[in-house]
>>> print(open('run_5.tsv').read())   # TSV, C-alpha atoms and all ligand atoms
chain	number	residue	atom	x	y	z
W	1	MET	CA	8.55	-20.03	31.90
W	2	THR	CA	6.89	-21.95	29.05
W	3	ALA	CA	4.16	-21.02	26.60
W	4	GLU	CA	1.79	-23.07	28.78
W	5	THR	CA	2.49	-21.08	31.93
W	6	SER	CA	2.39	-17.60	30.46
W	7	LYS	CA	0.17	-16.05	27.78
W	8	ARG	CA	2.58	-14.57	25.27
W	9	LYS	CA	1.86	-11.04	24.08
W	10	ILE	CA	2.22	-10.99	20.34
W	11	LEU	CA	1.88	-8.02	18.01
W	12	ILE	CA	1.57	-8.68	14.32
W	13	VAL	CA	2.59	-5.71	12.22
W	14	GLY	CA	0.93	-6.05	8.83
W	15	GLY	CA	-2.49	-7.64	9.16
W	16	GLY	CA	-2.71	-8.75	5.53
W	17	ALA	CA	-2.63	-12.28	4.09
W	18	VAL	CA	0.17	-13.93	6.09
W	19	GLY	CA	-0.32	-11.78	9.21
W	20	SER	CA	-4.00	-12.73	9.55
W	21	VAL	CA	-3.36	-16.48	9.38
W	22	TYR	CA	-0.45	-16.19	11.82
W	23	GLY	CA	-2.62	-14.14	14.18
W	24	TRP	CA	-5.48	-16.62	13.98
W	25	ARG	CA	-3.31	-19.66	14.61
W	26	LEU	CA	-1.29	-18.07	17.44
W	27	GLN	CA	-4.43	-16.91	19.21
W	28	GLU	CA	-5.86	-20.43	18.89
W	29	GLY	CA	-2.66	-21.63	20.51
W	30	GLY	CA	-3.32	-19.46	23.55
W	31	ALA	CA	-1.38	-16.27	22.84
W	32	HIS	CA	-2.75	-12.74	23.24
W	33	VAL	CA	-2.70	-11.45	19.66
W	34	ALA	CA	-2.84	-7.80	18.66
W	35	MET	CA	-2.72	-6.71	15.03
W	36	VAL	CA	-1.52	-3.53	13.35
W	37	CYS	CA	-3.62	-2.94	10.27
W	38	ARG	CA	-3.51	-0.27	7.60
W	39	SER	CA	-6.02	-0.30	4.70
W	40	ASN	CA	-8.20	-2.97	6.33
W	41	PHE	CA	-8.11	-1.37	9.81
W	42	LYS	CA	-11.81	-0.41	9.97
W	43	VAL	CA	-13.11	-3.79	8.78
W	44	VAL	CA	-10.80	-5.80	11.04
W	45	LYS	CA	-11.49	-3.59	14.06
W	46	GLU	CA	-15.25	-3.93	13.57
W	47	THR	CA	-15.66	-7.51	12.43
W	48	GLY	CA	-12.28	-9.25	12.45
W	49	TYR	CA	-11.21	-11.59	9.66
W	50	THR	CA	-13.09	-14.31	7.84
W	51	ILE	CA	-10.59	-17.02	6.96
W	52	THR	CA	-11.17	-19.95	4.64
W	53	SER	CA	-8.35	-22.38	5.22
W	54	GLY	CA	-7.87	-25.60	3.27
W	55	LYS	CA	-11.08	-27.57	3.21
W	56	MET	CA	-12.42	-26.10	6.48
W	57	ASP	CA	-15.57	-24.00	6.69
W	58	PRO	CA	-14.76	-20.28	7.02
W	59	VAL	CA	-13.76	-19.22	10.53
W	60	GLN	CA	-13.93	-15.83	12.20
W	61	PHE	CA	-10.74	-14.51	13.76
W	62	ILE	CA	-11.27	-11.62	16.16
W	63	PRO	CA	-7.88	-10.31	17.33
W	64	ASP	CA	-7.52	-9.38	21.01
W	65	ALA	CA	-6.64	-5.83	19.91
W	66	VAL	CA	-6.41	-3.97	16.61
W	67	TYR	CA	-4.20	-0.90	16.27
W	68	SER	CA	-3.53	1.55	13.50
W	69	ASN	CA	-0.31	3.00	14.89
W	70	GLY	CA	2.48	2.64	17.42
W	71	GLU	CA	1.17	5.23	19.84
W	72	GLU	CA	-1.98	3.16	20.44
W	73	ALA	CA	-0.09	-0.12	20.53
W	74	VAL	CA	2.49	0.80	23.17
W	75	ALA	CA	0.26	3.13	25.23
W	76	GLY	CA	0.70	2.50	28.96
W	77	ASN	CA	4.16	1.04	28.37
W	78	ASN	CA	2.73	-2.01	26.63
W	79	VAL	CA	5.72	-4.24	25.90
W	80	PHE	CA	5.22	-7.15	23.51
W	81	ASP	CA	7.03	-10.48	23.86
W	82	TYR	CA	7.07	-10.86	20.10
W	83	VAL	CA	6.62	-8.36	17.30
W	84	ILE	CA	6.03	-10.38	14.15
W	85	VAL	CA	6.47	-8.36	10.99
W	86	CYS	CA	4.28	-9.55	8.12
W	87	THR	CA	4.38	-6.52	5.83
W	88	LYS	CA	5.89	-6.61	2.36
W	89	CYS	CA	9.59	-5.67	2.48
W	90	LEU	CA	10.12	-2.66	0.21
W	91	PRO	CA	13.50	-1.02	0.99
W	92	ASN	CA	13.39	0.77	-2.38
W	93	LEU	CA	10.43	2.77	-1.01
W	94	TYR	CA	11.19	3.22	2.70
W	95	ASP	CA	13.50	2.11	5.49
W	96	PRO	CA	12.10	-1.26	6.66
W	97	ALA	CA	13.21	-0.46	10.23
W	98	GLU	CA	10.67	2.39	10.28
W	99	VAL	CA	7.86	-0.15	10.02
W	100	VAL	CA	8.98	-1.86	13.21
W	101	ALA	CA	10.27	1.11	15.20
W	102	PRO	CA	7.00	2.37	16.72
W	103	TYR	CA	6.36	-0.96	18.44
W	104	ILE	CA	9.72	-1.67	20.08
W	105	ILE	CA	10.05	-0.10	23.53
W	106	SER	CA	12.13	-2.82	25.18
W	107	ASP	CA	15.27	-4.79	24.28
W	108	LYS	CA	13.43	-7.88	25.46
W	109	THR	CA	10.94	-7.85	22.59
W	110	VAL	CA	11.84	-10.53	20.06
W	111	ILE	CA	11.48	-9.22	16.51
W	112	VAL	CA	10.38	-11.88	14.03
W	113	LEU	CA	10.66	-10.94	10.37
W	114	VAL	CA	8.35	-13.06	8.22
W	115	GLN	CA	9.17	-11.79	4.78
W	116	ASN	CA	10.46	-13.20	1.55
W	117	GLY	CA	13.77	-12.23	0.01
W	118	ILE	CA	17.45	-11.81	0.68
W	119	GLY	CA	18.93	-9.17	2.99
W	120	ILE	CA	15.64	-8.28	4.68
W	121	GLU	CA	17.07	-8.28	8.21
W	122	GLU	CA	20.05	-5.93	8.22
W	123	PRO	CA	18.20	-2.57	8.39
W	124	VAL	CA	16.22	-3.82	11.40
W	125	ARG	CA	19.32	-5.17	13.11
W	126	VAL	CA	21.14	-1.87	12.66
W	127	ARG	CA	18.23	-0.02	14.23
W	128	PHE	CA	17.69	-2.54	17.06
W	129	PRO	CA	21.13	-4.02	17.79
W	130	ASN	CA	20.09	-5.25	21.24
W	131	ASN	CA	16.85	-7.02	20.39
W	132	PRO	CA	16.84	-10.69	19.40
W	133	ILE	CA	15.95	-10.91	15.70
W	134	ILE	CA	14.45	-14.05	14.25
W	135	SER	CA	14.43	-14.40	10.50
W	136	GLY	CA	11.40	-16.40	9.34
W	137	ILE	CA	10.71	-17.95	5.98
W	138	ALA	CA	7.04	-18.64	5.50
W	139	TYR	CA	5.76	-21.61	3.57
W	140	ILE	CA	2.15	-20.63	3.25
W	141	ASP	CA	-0.14	-19.87	0.37
W	142	VAL	CA	-2.58	-17.16	1.28
W	143	ASP	CA	-4.14	-14.00	-0.04
W	144	GLN	CA	-6.61	-11.35	1.05
W	145	THR	CA	-9.35	-11.34	-1.57
W	146	GLN	CA	-11.18	-8.36	0.00
W	147	SER	CA	-10.52	-6.36	3.16
W	148	GLY	CA	-10.59	-8.88	6.01
W	149	ILE	CA	-11.47	-11.83	3.75
W	150	ILE	CA	-8.67	-14.37	3.62
W	151	ARG	CA	-8.16	-17.41	1.39
W	152	HIS	CA	-5.55	-19.81	2.77
W	153	GLY	CA	-4.51	-22.88	0.81
W	154	GLY	CA	-3.79	-24.93	3.93
W	155	THR	CA	0.03	-25.25	4.02
W	156	ASN	CA	1.54	-23.37	6.95
W	157	PHE	CA	5.03	-23.85	8.25
W	158	ILE	CA	7.94	-21.59	8.96
W	159	VAL	CA	11.70	-22.14	8.83
W	160	CYS	CA	13.43	-19.75	11.22
W	161	GLY	CA	16.49	-18.92	13.25
W	162	PHE	CA	18.47	-16.03	14.66
W	163	TYR	CA	19.93	-13.26	12.55
W	164	VAL	CA	23.15	-11.70	13.87
W	165	LYS	CA	25.60	-9.11	12.64
W	166	GLU	CA	28.03	-10.34	10.00
W	167	GLY	CA	31.17	-11.53	11.78
W	168	ASP	CA	29.37	-12.27	15.08
W	169	ASP	CA	29.50	-15.81	16.39
W	170	LEU	CA	26.11	-17.25	15.43
W	171	ASN	CA	26.75	-20.55	17.21
W	172	ALA	CA	27.48	-18.79	20.49
W	173	TYR	CA	24.43	-16.55	20.04
W	174	ASN	CA	22.24	-19.61	19.36
W	175	LYS	CA	23.56	-21.27	22.49
W	176	ASP	CA	23.15	-18.24	24.75
W	177	ASN	CA	19.62	-17.61	23.49
W	178	ALA	CA	18.38	-21.18	23.07
W	179	HIS	CA	15.53	-20.43	25.49
W	180	ILE	CA	14.06	-17.93	23.00
W	181	LEU	CA	14.08	-20.47	20.17
W	182	GLU	CA	12.52	-23.02	22.49
W	183	ASP	CA	9.81	-20.53	23.43
W	184	ILE	CA	8.90	-19.59	19.86
W	185	LYS	CA	8.78	-23.27	19.00
W	186	ASN	CA	6.27	-23.82	21.80
W	187	VAL	CA	4.18	-20.81	20.84
W	188	PHE	CA	3.96	-21.80	17.16
W	189	THR	CA	3.43	-25.48	17.89
W	190	ALA	CA	0.60	-24.62	20.28
W	191	GLY	CA	-1.05	-22.83	17.35
W	192	ASN	CA	-0.70	-25.93	15.20
W	193	MET	CA	1.81	-24.23	12.93
W	194	GLY	CA	4.79	-26.14	11.62
W	195	ILE	CA	8.07	-24.64	12.82
W	196	ASN	CA	11.54	-25.72	11.84
W	197	VAL	CA	14.26	-23.92	13.80
W	198	GLN	CA	17.63	-23.80	12.09
W	199	ASP	CA	21.10	-22.91	13.42
W	200	ASN	CA	21.82	-20.99	10.21
W	201	VAL	CA	18.56	-19.87	8.70
W	202	GLN	CA	20.27	-17.79	6.00
W	203	GLU	CA	20.98	-21.01	4.11
W	204	TYR	CA	17.25	-21.58	3.91
W	205	ARG	CA	16.63	-18.12	2.50
W	206	TRP	CA	18.41	-19.50	-0.58
W	207	SER	CA	16.12	-22.52	-0.65
W	208	LYS	CA	13.09	-20.24	-0.71
W	209	ILE	CA	14.52	-17.80	-3.23
W	210	ILE	CA	14.62	-20.62	-5.79
W	211	TRP	CA	10.82	-20.42	-5.90
W	212	ASN	CA	10.32	-16.72	-5.26
W	213	GLY	CA	13.11	-15.56	-7.59
W	214	SER	CA	11.63	-17.53	-10.48
W	215	PHE	CA	7.86	-17.93	-10.14
W	216	ASN	CA	7.21	-14.48	-8.69
W	217	PRO	CA	8.79	-12.26	-11.37
W	218	ILE	CA	8.02	-14.61	-14.25
W	219	SER	CA	4.34	-14.78	-13.27
W	220	VAL	CA	4.18	-10.98	-13.62
W	221	VAL	CA	6.19	-10.51	-16.81
W	222	ALA	CA	4.25	-13.38	-18.41
W	223	GLY	CA	1.06	-11.33	-17.93
W	224	CYS	CA	-0.03	-12.37	-14.43
W	225	LYS	CA	-0.16	-16.12	-14.84
W	226	ASP	CA	-0.52	-18.52	-11.92
W	227	SER	CA	1.83	-21.46	-11.30
W	228	LYS	CA	-0.26	-23.96	-13.28
W	229	GLU	CA	-0.52	-21.72	-16.33
W	230	LEU	CA	3.24	-21.09	-16.25
W	231	ILE	CA	4.12	-24.75	-15.91
W	232	ASP	CA	1.66	-25.98	-18.52
W	233	PHE	CA	2.94	-23.62	-21.25
W	234	PRO	CA	6.25	-25.11	-22.50
W	235	PRO	CA	8.10	-21.81	-23.13
W	236	THR	CA	7.36	-20.41	-19.65
W	237	ARG	CA	8.01	-23.84	-18.13
W	238	GLN	CA	11.49	-23.80	-19.71
W	239	LEU	CA	12.06	-20.21	-18.58
W	240	LEU	CA	11.22	-21.23	-15.00
W	241	LEU	CA	13.64	-24.15	-15.15
W	242	ASP	CA	16.42	-21.95	-16.53
W	243	ALA	CA	15.79	-19.21	-13.98
W	244	MET	CA	15.85	-21.75	-11.16
W	245	ALA	CA	19.11	-23.21	-12.46
W	246	GLU	CA	20.62	-19.71	-12.24
W	247	LEU	CA	19.27	-19.28	-8.74
W	248	TYR	CA	20.72	-22.62	-7.59
W	249	ARG	CA	24.10	-21.53	-8.97
W	250	VAL	CA	23.93	-18.26	-7.02
W	251	GLY	CA	22.84	-19.98	-3.80
W	252	GLU	CA	25.63	-22.54	-4.07
W	253	ALA	CA	28.24	-19.86	-4.75
W	254	VAL	CA	27.09	-17.77	-1.78
W	255	LEU	CA	26.85	-20.70	0.62
W	256	GLY	CA	29.85	-22.62	-0.69
W	257	LYS	CA	27.73	-25.76	-0.61
W	258	LYS	CA	24.44	-27.12	-1.92
W	259	VAL	CA	21.28	-25.15	-1.25
W	260	PRO	CA	19.49	-27.18	1.45
W	261	PRO	CA	16.43	-29.01	0.17
W	262	VAL	CA	13.03	-28.17	1.68
W	263	ALA	CA	10.22	-30.72	1.34
W	264	GLY	CA	12.47	-32.83	-0.89
W	265	GLN	CA	12.97	-30.05	-3.45
W	266	ASP	CA	16.61	-30.05	-4.50
W	267	SER	CA	16.59	-29.23	-8.23
W	268	PRO	CA	14.64	-27.08	-10.72
W	269	GLU	CA	12.72	-30.15	-11.89
W	270	SER	CA	11.72	-31.18	-8.37
W	271	VAL	CA	10.56	-27.65	-7.47
W	272	LEU	CA	8.47	-27.59	-10.63
W	273	LYS	CA	6.99	-31.00	-9.92
W	274	TYR	CA	6.23	-30.15	-6.29
W	275	THR	CA	4.45	-26.98	-7.39
W	276	ARG	CA	2.56	-28.71	-10.23
W	277	ASP	CA	1.42	-31.54	-7.94
W	278	ARG	CA	-0.26	-29.19	-5.48
W	279	ASP	CA	-4.06	-29.41	-5.27
W	280	ALA	CA	-4.51	-25.86	-6.47
W	281	PRO	CA	-2.47	-23.40	-8.54
W	282	VAL	CA	-0.29	-20.99	-6.57
W	283	TYR	CA	-0.92	-17.27	-7.04
W	284	PRO	CA	2.54	-15.77	-6.47
W	285	SER	CA	2.41	-12.80	-4.09
W	286	MET	CA	4.05	-10.55	-6.70
W	287	MET	CA	1.33	-11.41	-9.18
W	288	VAL	CA	-1.33	-10.57	-6.59
W	289	ASP	CA	0.42	-7.24	-5.94
W	290	CYS	CA	0.66	-6.46	-9.64
W	291	ILE	CA	-3.03	-7.22	-10.23
W	292	ASN	CA	-3.90	-4.91	-7.34
W	293	LYS	CA	-1.47	-2.24	-8.58
W	294	ARG	CA	0.63	-2.42	-5.42
W	295	PRO	CA	4.43	-2.15	-5.22
W	296	MET	CA	6.19	-5.49	-5.66
W	297	GLU	CA	9.10	-6.88	-3.63
W	298	HIS	CA	11.48	-6.83	-6.60
W	299	GLU	CA	14.35	-5.39	-4.58
W	300	VAL	CA	14.63	-8.08	-1.90
W	301	ILE	CA	13.58	-10.97	-4.13
W	302	VAL	CA	15.34	-10.18	-7.40
W	303	LYS	CA	17.74	-7.25	-7.12
W	304	ASN	CA	19.49	-8.39	-3.93
W	305	THR	CA	19.90	-11.82	-5.52
W	306	ILE	CA	21.51	-10.27	-8.59
W	307	VAL	CA	23.84	-8.25	-6.33
W	308	ALA	CA	24.83	-11.45	-4.48
W	309	ALA	CA	25.42	-13.21	-7.81
W	310	LYS	CA	27.71	-10.42	-9.00
W	311	LYS	CA	29.73	-10.55	-5.78
W	312	CYS	CA	30.36	-14.24	-6.39
W	313	GLY	CA	30.98	-13.86	-10.12
W	314	VAL	CA	27.91	-15.86	-11.16
W	315	ALA	CA	26.25	-14.78	-14.42
W	316	VAL	CA	22.48	-14.29	-14.11
W	317	PRO	CA	21.23	-13.03	-17.50
W	318	ILE	CA	17.70	-14.37	-16.98
W	319	LEU	CA	17.33	-12.73	-13.59
W	320	GLU	CA	18.66	-9.44	-14.95
W	321	THR	CA	16.20	-9.57	-17.83
W	322	VAL	CA	13.15	-10.37	-15.72
W	323	TYR	CA	14.21	-7.73	-13.19
W	324	ALA	CA	14.29	-5.02	-15.87
W	325	LEU	CA	10.89	-6.08	-17.22
W	326	LEU	CA	9.40	-6.40	-13.75
W	327	VAL	CA	10.40	-2.91	-12.67
W	328	SER	CA	9.08	-1.56	-15.97
W	329	VAL	CA	5.73	-3.23	-15.36
W	330	GLU	CA	5.57	-1.71	-11.88
W	331	ARG	CA	6.43	1.76	-13.23
W	332	SER	CA	3.47	1.55	-15.59
W	333	TYR	CA	1.02	1.57	-12.68
W	334	CYS	CA	3.15	2.92	-9.81
W	335	PRO	CA	5.48	5.63	-11.18
W	336	PRO	CA	8.59	6.43	-9.12
W	337	LYS	CA	8.23	9.48	-6.86
W	338	ASN	CA	11.29	11.33	-8.21
W	401	LIG	N1	1.04	-14.37	0.64
W	401	LIG	C1	1.78	-15.46	0.68
W	401	LIG	O1	1.28	-16.57	0.37
W	401	LIG	C2	3.20	-15.41	1.11
W	401	LIG	C3	3.82	-14.23	1.43
W	401	LIG	N2	5.11	-14.27	1.90
W	401	LIG	C4	5.79	-13.04	2.28
W	401	LIG	O2	5.19	-12.56	3.49
W	401	LIG	C5	5.23	-11.12	3.56
W	401	LIG	C6	3.80	-10.60	3.73
W	401	LIG	O3	3.07	-10.97	2.57
W	401	LIG	P1	1.49	-10.88	2.45
W	401	LIG	O4	0.86	-11.18	3.73
W	401	LIG	O5	1.12	-11.68	1.26
W	401	LIG	O6	1.30	-9.34	2.14
W	401	LIG	P2	-0.04	-8.46	2.16
W	401	LIG	O7	0.19	-7.37	1.20
W	401	LIG	O8	-1.24	-9.35	1.99
W	401	LIG	O9	-0.08	-7.93	3.63
W	401	LIG	C7	0.79	-6.96	4.10
W	401	LIG	C8	-0.01	-6.10	5.04
W	401	LIG	O10	0.87	-5.21	5.69
W	401	LIG	C9	0.22	-3.94	5.76
W	401	LIG	N3	1.24	-2.91	5.94
W	401	LIG	C10	2.16	-2.45	5.07
W	401	LIG	N4	2.92	-1.52	5.64
W	401	LIG	C11	2.48	-1.37	6.90
W	401	LIG	C12	2.86	-0.56	7.98
W	401	LIG	N5	3.85	0.32	7.89
W	401	LIG	N6	2.18	-0.68	9.14
W	401	LIG	C13	1.18	-1.54	9.27
W	401	LIG	N7	0.77	-2.35	8.27
W	401	LIG	C14	1.41	-2.27	7.10
W	401	LIG	C15	-0.48	-3.84	4.43
W	401	LIG	O11	-1.45	-2.84	4.48
W	401	LIG	P3	-2.07	-2.19	3.14
W	401	LIG	O12	-3.22	-3.08	2.78
W	401	LIG	O13	-2.46	-0.83	3.53
W	401	LIG	O14	-0.97	-2.22	2.11
W	401	LIG	C16	-1.06	-5.25	4.32
W	401	LIG	O15	-2.27	-5.39	5.00
W	401	LIG	C17	5.90	-10.69	2.24
W	401	LIG	O16	7.26	-10.50	2.43
W	401	LIG	C18	5.66	-11.90	1.30
W	401	LIG	O17	6.62	-12.01	0.28
W	401	LIG	C19	5.78	-15.42	2.12
W	401	LIG	C20	5.19	-16.61	1.81
W	401	LIG	C21	3.89	-16.69	1.24
W	402	LIG	C1	5.11	-19.50	-3.00
W	402	LIG	C2	4.50	-18.62	-1.98
W	402	LIG	C3	3.04	-18.44	-2.23
W	402	LIG	C4	4.64	-19.36	-0.65
W	402	LIG	O1	4.63	-20.68	-0.64
W	402	LIG	C5	5.26	-17.34	-1.87
W	402	LIG	O2	6.21	-17.30	-1.16
W	402	LIG	C6	4.93	-16.13	-2.65
W	402	LIG	O3	4.02	-16.15	-3.46
W	402	LIG	O4	5.61	-15.12	-2.45
>>> encode(input="run_5.tsv", output="structure tokens", more="lines below")
Ligand SMILES: NC(=O)C1=CN([C@@H]2O[C@H](COP(=O)(O)OP(=O)(O)OC[C@H]3O[C@@H](n4cnc5c(N)ncnc54)[C@H](OP(=O)(O)O)[C@@H]3O)[C@@H](O)[C@H]2O)C=CC1
Ligand SMILES: CC(C)(CO)C(=O)C(=O)O
Amino acid sequence: MTAETSKRKILIVGGGAVGSVYGWRLQEGGAHVAMVCRSNFKVVKETGYTITSGKMDPVQFIPDAVYSNGEEAVAGNNVFDYVIVCTKCLPNLYDPAEVVAPYIISDKTVIVLVQNGIGIEEPVRVRFPNNPIISGIAYIDVDQTQSGIIRHGGTNFIVCGFYVKEGDDLNAYNKDNAHILEDIKNVFTAGNMGINVQDNVQEYRWSKIIWNGSFNPISVVAGCKDSKELIDFPPTRQLLLDAMAELYRVGEAVLGKKVPPVAGQDSPESVLKYTRDRDAPVYPSMMVDCINKRPMEHEVIVKNTIVAAKKCGVAVPILETVYALLVSVERSYCPPKN
């Protein structure tokens, strides 16, 4: 069966910035798209999303279904082909598997985790050892400016591949399940989304963490500055370069080889240049969360990276400093529960 011969049933859990654009594109590509929404549930259910993408006029995206919980979503034994998770990943606040659990009623459902950070997959794998899990790294620049109102910069591609238990034979798993990777490729391509399937996607998590582990926390501790402001001010520009150099050292130590380049970015200077050359400044997702007084993904983006560095004996004084400051900033508006 191909994407052309069967309408894929896709559920997007987390109908925020990334989830809305994914839903819109995948529906355009012919899939049946249902969304799980939380704070924007009422608006999305009643009027859908208004999405401004790149230089296009705003478009209206009306999902095929909008749910607020698992009971509604799986009523009548409704099995999804794909459950795509586009929530923030906040293991310091809850078990990430709990976010997915209400929607998985069959081993056949492919779980796609579209979240930044390191170590985001393991809790979901432990809970769903028999479901295929695809780890997805989103290259997209999008935020929700008001409930249901989405601003998308235009870039939209994903690097993805299977996640398996440590010690399992990833090559054999890739081979046995090649049809799933082929299918997701078709589904995303039909929606005009770039998709780059990798045999070992974990390597690419390190490519992405170079950006997220530097720009995200530094934007917040610098007082919520966007990428242009950070790059144009020499002291924060230097801090970014030094933080990225640390991150490259961690990635190389973990992988035992160079961090793979994405879009030609293979050094702190080239990441900075790529970011500076973009048409518009980037608003890092952590900065957007901080401005809106929401919890930030400091655990998966910064803490897990520091833990990996320590395991490999790599010193990361800059990361440790920004982590301490970042968590302090969050505590000022979002005090810990106990
Ligand atoms: N924005 C970007 O440009 C990029 C983001 N990413 C990554 O993608 C992931 C998603 O980011 P983004 O879209 O920006 O995040 P948003 O905060 O915009 O969206 C997340 C959505 O998930 C909802 N949500 C949270 N928990 C649940 C739950 N248990 N059930 C249902 N819905 C839930 C939130 O609802 P509520 O409003 O109630 O909190 C919110 O609408 C993150 O890991 C981020 O780092 C990666 C690349 C770029
Ligand atoms: C850089 C960006 C916007 C994606 O390209 C991102 O990943 C983030 O802000 O968390």
>>> residues_near_ligand(input="run_5.tsv", ligand="ligand LIG 402 (chain W)", cutoff="6 Å", atoms="all atoms listed in the file", output="ChimeraX atom specification")
/W:139-141,212,284-285
>>> atom_distance(input="run_5.tsv", atom1="atom CA of Ser147 of chain W", atom2="atom CA of Val43 of chain W")
6.7 Å
>>> closest_atom_pairs(input="run_5.tsv", of="chain W", to="ligand LIG 401 (chain W)", cutoff="6 Å", atoms="only C-alpha atoms and all ligand atoms", output="CSV")
residue,atom,partner,partner_atom,distance
W:Val13,CA,W:LIG401,C13,5.3
W:Gly14,CA,W:LIG401,O10,3.3
W:Gly15,CA,W:LIG401,O15,4.7
W:Gly16,CA,W:LIG401,O9,3.3
W:Ala17,CA,W:LIG401,O4,3.7
W:Val18,CA,W:LIG401,O4,3.7
W:Gly19,CA,W:LIG401,O4,5.6
W:Val36,CA,W:LIG401,C13,5.3
W:Cys37,CA,W:LIG401,N7,4.9
W:Arg38,CA,W:LIG401,O13,4.2
W:Ser39,CA,W:LIG401,O13,3.8
W:Cys86,CA,W:LIG401,C6,4.5
W:Thr87,CA,W:LIG401,O10,3.7
W:Lys88,CA,W:LIG401,C17,4.1
W:Cys89,CA,W:LIG401,O16,5.4
W:Val99,CA,W:LIG401,N5,4.6
W:Val114,CA,W:LIG401,O2,5.7
W:Gln115,CA,W:LIG401,O16,3.3
W:Asn116,CA,W:LIG401,O17,4.2
W:Ala138,CA,W:LIG401,C20,4.6
W:Tyr139,CA,W:LIG401,C20,5.3
W:Ile140,CA,W:LIG401,C21,4.8
W:Asp141,CA,W:LIG401,O1,3.6
W:Val142,CA,W:LIG401,O1,4.0
W:Asp143,CA,W:LIG401,N1,5.2
W:Gln144,CA,W:LIG401,O8,5.8
W:Ser285,CA,W:LIG401,N1,5.2
>>> write_last_selection(input="run_5.tsv", atoms="C-alpha atoms", output="compact mmCIF listing (two decimals), in the coordinates of the input")
# COMPACT_ATOMS: atom_id res chain seq x y z
CA VAL W 13 2.59 -5.71 12.22
CA GLY W 14 0.93 -6.05 8.83
CA GLY W 15 -2.49 -7.64 9.16
CA GLY W 16 -2.71 -8.75 5.53
CA ALA W 17 -2.63 -12.28 4.09
CA VAL W 18 0.17 -13.93 6.09
CA GLY W 19 -0.32 -11.78 9.21
CA VAL W 36 -1.52 -3.53 13.35
CA CYS W 37 -3.62 -2.94 10.27
CA ARG W 38 -3.51 -0.27 7.60
CA SER W 39 -6.02 -0.30 4.70
CA CYS W 86 4.28 -9.55 8.12
CA THR W 87 4.38 -6.52 5.83
CA LYS W 88 5.89 -6.61 2.36
CA CYS W 89 9.59 -5.67 2.48
CA VAL W 99 7.86 -0.15 10.02
CA VAL W 114 8.35 -13.06 8.22
CA GLN W 115 9.17 -11.79 4.78
CA ASN W 116 10.46 -13.20 1.55
CA ALA W 138 7.04 -18.64 5.50
CA TYR W 139 5.76 -21.61 3.57
CA ILE W 140 2.15 -20.63 3.25
CA ASP W 141 -0.14 -19.87 0.37
CA VAL W 142 -2.58 -17.16 1.28
CA ASP W 143 -4.14 -14.00 -0.04
CA GLN W 144 -6.61 -11.35 1.05
CA SER W 285 2.41 -12.80 -4.09
>>> residues_around(input="run_5.tsv", residues="Ser219 of chain W", least_positions_apart="6", cutoff="10 Å", atoms="all atoms listed in the file", output="list in words")
Lys225, Asp226, Ser227, Glu229, Leu230, Thr236, Leu240, Tyr283, Pro284, Ser285, Met286, Met287, Val288, Cys290 and Leu326 of chain W
>>> write_last_selection(input="run_5.tsv", atoms="C-alpha atoms", output="short mmCIF file (atom, residue, chain, number, x, y, z; two decimals), in the frame of the given file")
data_model
loop_
_atom_site.label_atom_id
_atom_site.label_comp_id
_atom_site.auth_asym_id
_atom_site.auth_seq_id
_atom_site.Cartn_x
_atom_site.Cartn_y
_atom_site.Cartn_z
CA LYS W 225 -0.16 -16.12 -14.84
CA ASP W 226 -0.52 -18.52 -11.92
CA SER W 227 1.83 -21.46 -11.30
CA GLU W 229 -0.52 -21.72 -16.33
CA LEU W 230 3.24 -21.09 -16.25
CA THR W 236 7.36 -20.41 -19.65
CA LEU W 240 11.22 -21.23 -15.00
CA TYR W 283 -0.92 -17.27 -7.04
CA PRO W 284 2.54 -15.77 -6.47
CA SER W 285 2.41 -12.80 -4.09
CA MET W 286 4.05 -10.55 -6.70
CA MET W 287 1.33 -11.41 -9.18
CA VAL W 288 -1.33 -10.57 -6.59
CA CYS W 290 0.66 -6.46 -9.64
CA LEU W 326 9.40 -6.40 -13.75
#
>>> closest_residue(input="run_5.tsv", among="W:Leu325, W:Ile184, W:Ala309, W:Val100", to="Val220 of chain W", atoms="all atoms listed in the file")
W:Leu325
>>> decode(input="run_5.tsv", residues="segment 24-30 of chain W", atoms="N, CA and C atoms", output="short mmCIF file (atom, residue, chain, number, x, y, z; two decimals), in the first residue's frame")
data_model
loop_
_atom_site.label_atom_id
_atom_site.label_comp_id
_atom_site.auth_asym_id
_atom_site.auth_seq_id
_atom_site.Cartn_x
_atom_site.Cartn_y
_atom_site.Cartn_z
N TRP W 24 -1.38 20.96 8.84
CA TRP W 24 -1.79 21.65 7.61
C TRP W 24 -1.16 21.00 6.38
N ARG W 25 0.17 20.82 6.43
CA ARG W 25 0.87 20.28 5.27
C ARG W 25 0.43 18.82 4.99
N LEU W 26 0.30 18.02 6.05
CA LEU W 26 -0.02 16.61 5.84
C LEU W 26 -1.45 16.45 5.31
N GLN W 27 -2.34 17.32 5.76
CA GLN W 27 -3.71 17.27 5.21
C GLN W 27 -3.69 17.67 3.73
N GLU W 28 -2.93 18.71 3.41
CA GLU W 28 -2.79 19.12 2.01
C GLU W 28 -2.27 17.97 1.15
N GLY W 29 -1.43 17.14 1.78
CA GLY W 29 -0.86 16.01 1.05
C GLY W 29 -1.81 14.82 0.94
N GLY W 30 -3.00 14.94 1.51
CA GLY W 30 -4.01 13.90 1.33
C GLY W 30 -4.30 13.05 2.55
#
